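Colleague: Dropping a structure here in structure tokens format, bear with me for questions.
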Amino acid sequence: MHPDEGAVGEDGADRTANPIAVTMSGMPEVWQGLLEAHIPDDHGRCSACNNAGTAGVPWPCTLQVIAESARGIFYASGHSGQASCHLAS
Ligand SMILES: [Zn+2]
């Protein structure tokens, strides 16, 4: 684990950053793509992880959680949220 740099405040369990999410936060295209793909279907299972032949993965899946965490880190690290990403949708 990493040292307590930048005290998060009391009861900051929610702020415990997954190392993978921290790394992914520097790759907006990655977590954006994951957040777009890993969405719940009508049965509450992840659309992206729900591979044919399996029972499916309950949503939110691990990847969705990590991607969402990465997004939070991304915006918390000084990004305005107005990043001029490709708005192809
Ligand atoms: Zn998923």
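Residue numbering restarts at 1 for every chain of the structure tokens, chains are lettered A, B, ... in their displayed order, and ligands are numbered from 1 as they appear.
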Could you tell me, counting only C-alpha atoms and all ligand atoms, which protein and nucleic acid residues lie no more than 6 Å from ligand 1, written as a PDB file with N, CA and C atoms, in the first residue's frame?
Modeller:
```
ATOM      1  N   HIS A  38     -19.840  -1.360 -20.191  1.00  0.00           N
ATOM      2  CA  HIS A  38     -20.260  -2.158 -19.038  1.00  0.00           C
ATOM      3  C   HIS A  38     -21.468  -1.519 -18.369  1.00  0.00           C
ATOM      4  N   CYS A  46     -24.143  -7.347 -16.265  1.00  0.00           N
ATOM      5  CA  CYS A  46     -23.327  -6.512 -17.124  1.00  0.00           C
ATOM      6  C   CYS A  46     -23.438  -6.956 -18.573  1.00  0.00           C
ATOM      7  N   ALA A  48     -21.493  -6.123 -21.073  1.00  0.00           N
ATOM      8  CA  ALA A  48     -20.210  -6.430 -21.680  1.00  0.00           C
ATOM      9  C   ALA A  48     -19.629  -7.732 -21.143  1.00  0.00           C
ATOM     10  N   CYS A  49     -19.875  -8.004 -19.882  1.00  0.00           N
ATOM     11  CA  CYS A  49     -19.309  -9.207 -19.282  1.00  0.00           C
ATOM     12  C   CYS A  49     -20.207 -10.424 -19.475  1.00  0.00           C
ATOM     13  N   CYS A  61     -20.103  -4.715 -12.433  1.00  0.00           N
ATOM     14  CA  CYS A  61     -19.028  -5.683 -12.471  1.00  0.00           C
ATOM     15  C   CYS A  61     -17.730  -5.019 -12.014  1.00  0.00           C
ATOM     16  N   LEU A  63     -14.988  -4.399 -13.580  1.00  0.00           N
ATOM     17  CA  LEU A  63     -14.452  -3.414 -14.515  1.00  0.00           C
ATOM     18  C   LEU A  63     -15.224  -2.099 -14.437  1.00  0.00           C
ATOM     19  N   GLN A  64     -16.529  -2.194 -14.259  1.00  0.00           N
ATOM     20  CA  GLN A  64     -17.331  -0.981 -14.180  1.00  0.00           C
ATOM     21  C   GLN A  64     -16.947  -0.195 -12.930  1.00  0.00           C
TER      22      GLN A  64
END
```
Colleague: At a cut-off of 7 Å, using only C-alpha atoms, what residues contact stretch 21-28 of chain A? Leave out same-chain residues fewer than 2 positions from it and give the result as a list of chain:residue names.
Modeller: A:Ala17, A:Asn18, A:Pro19, A:Val30, A:Trp31, A:Gln32, A:Ile66, A:Ala67, A:Ser69, A:Ala70, A:Arg71, A:Ile73, A:Phe74
Colleague: Would you export the selected residues with N, CA and C atoms as an mmCIF file, in the first residue's frame, please?
Modeller:
```cif
data_model
loop_
_atom_site.group_PDB
_atom_site.id
_atom_site.type_symbol
_atom_site.label_atom_id
_atom_site.label_comp_id
_atom_site.auth_asym_id
_atom_site.auth_seq_id
_atom_site.Cartn_x
_atom_site.Cartn_y
_atom_site.Cartn_z
ATOM 1 N N ALA A 17 -8.186 4.451 -3.281
ATOM 2 C CA ALA A 17 -8.088 4.288 -4.725
ATOM 3 C C ALA A 17 -7.486 2.944 -5.089
ATOM 4 N N ASN A 18 -8.165 2.284 -5.973
ATOM 5 C CA ASN A 18 -7.624 1.056 -6.535
ATOM 6 C C ASN A 18 -6.440 1.416 -7.426
ATOM 7 N N PRO A 19 -5.297 0.773 -7.230
ATOM 8 C CA PRO A 19 -4.115 1.087 -8.051
ATOM 9 C C PRO A 19 -4.398 1.002 -9.537
ATOM 10 N N VAL A 30 -9.887 4.836 -22.032
ATOM 11 C CA VAL A 30 -10.082 3.478 -21.530
ATOM 12 C C VAL A 30 -11.299 3.403 -20.619
ATOM 13 N N TRP A 31 -11.305 4.269 -19.589
ATOM 14 C CA TRP A 31 -12.435 4.148 -18.656
ATOM 15 C C TRP A 31 -13.737 4.656 -19.267
ATOM 16 N N GLN A 32 -13.637 5.594 -20.201
ATOM 17 C CA GLN A 32 -14.852 6.039 -20.868
ATOM 18 C C GLN A 32 -15.459 4.894 -21.673
ATOM 19 N N ILE A 66 -14.106 -0.246 -11.336
ATOM 20 C CA ILE A 66 -12.771 0.325 -11.505
ATOM 21 C C ILE A 66 -12.827 1.534 -12.436
ATOM 22 N N ALA A 67 -13.583 1.410 -13.512
ATOM 23 C CA ALA A 67 -13.685 2.511 -14.469
ATOM 24 C C ALA A 67 -14.328 3.730 -13.827
ATOM 25 N N SER A 69 -14.265 4.441 -10.686
ATOM 26 C CA SER A 69 -13.278 4.975 -9.758
ATOM 27 C C SER A 69 -12.242 5.799 -10.503
ATOM 28 N N ALA A 70 -11.835 5.299 -11.651
ATOM 29 C CA ALA A 70 -10.856 6.018 -12.470
ATOM 30 C C ALA A 70 -11.416 7.364 -12.911
ATOM 31 N N ARG A 71 -12.680 7.382 -13.245
ATOM 32 C CA ARG A 71 -13.314 8.636 -13.655
ATOM 33 C C ARG A 71 -13.300 9.633 -12.497
ATOM 34 N N ILE A 73 -11.200 9.744 -10.015
ATOM 35 C CA ILE A 73 -9.823 10.192 -9.810
ATOM 36 C C ILE A 73 -9.449 11.206 -10.880
ATOM 37 N N PHE A 74 -9.869 10.944 -12.076
ATOM 38 C CA PHE A 74 -9.571 11.828 -13.204
ATOM 39 C C PHE A 74 -10.090 13.232 -12.940
#
```
Colleague: Applying 12 Å and only C-alpha atoms, which residues near A:Ile39 remain after dropping the ones on its own chain fewer than 2 positions away? List them as an mmCIF file with C-alpha atoms, in the first residue's frame.
Modeller:
```cif
data_model
loop_
_atom_site.group_PDB
_atom_site.id
_atom_site.type_symbol
_atom_site.label_atom_id
_atom_site.label_comp_id
_atom_site.auth_asym_id
_atom_site.auth_seq_id
_atom_site.Cartn_x
_atom_site.Cartn_y
_atom_site.Cartn_z
ATOM 1 C CA GLN A 32 -14.852 6.039 -20.868
ATOM 2 C CA GLY A 33 -15.058 3.045 -23.128
ATOM 3 C CA LEU A 34 -15.546 0.723 -20.188
ATOM 4 C CA LEU A 35 -18.289 2.880 -18.698
ATOM 5 C CA GLU A 36 -20.072 2.902 -22.035
ATOM 6 C CA ALA A 37 -19.764 -0.827 -22.536
ATOM 7 C CA ASP A 41 -29.025 -5.120 -18.970
ATOM 8 C CA ASP A 42 -32.670 -5.824 -18.241
ATOM 9 C CA HIS A 43 -31.671 -8.558 -15.836
ATOM 10 C CA GLY A 44 -29.223 -6.488 -13.817
ATOM 11 C CA ARG A 45 -26.224 -8.145 -15.371
ATOM 12 C CA CYS A 46 -23.327 -6.512 -17.124
ATOM 13 C CA SER A 47 -23.895 -6.301 -20.849
ATOM 14 C CA ALA A 48 -20.210 -6.430 -21.680
ATOM 15 C CA CYS A 49 -19.309 -9.207 -19.282
ATOM 16 C CA ASN A 50 -22.348 -11.251 -20.064
ATOM 17 C CA VAL A 57 -21.965 -11.158 -14.279
ATOM 18 C CA PRO A 58 -24.056 -9.158 -11.814
ATOM 19 C CA TRP A 59 -23.757 -5.420 -12.429
ATOM 20 C CA PRO A 60 -21.815 -3.404 -11.436
ATOM 21 C CA CYS A 61 -19.028 -5.683 -12.471
ATOM 22 C CA THR A 62 -15.436 -5.283 -11.392
ATOM 23 C CA LEU A 63 -14.452 -3.414 -14.515
ATOM 24 C CA GLN A 64 -17.331 -0.981 -14.180
ATOM 25 C CA VAL A 65 -16.392 -0.244 -10.584
ATOM 26 C CA ALA A 67 -13.685 2.511 -14.469
ATOM 27 C CA GLU A 68 -15.991 4.597 -12.347
#
```
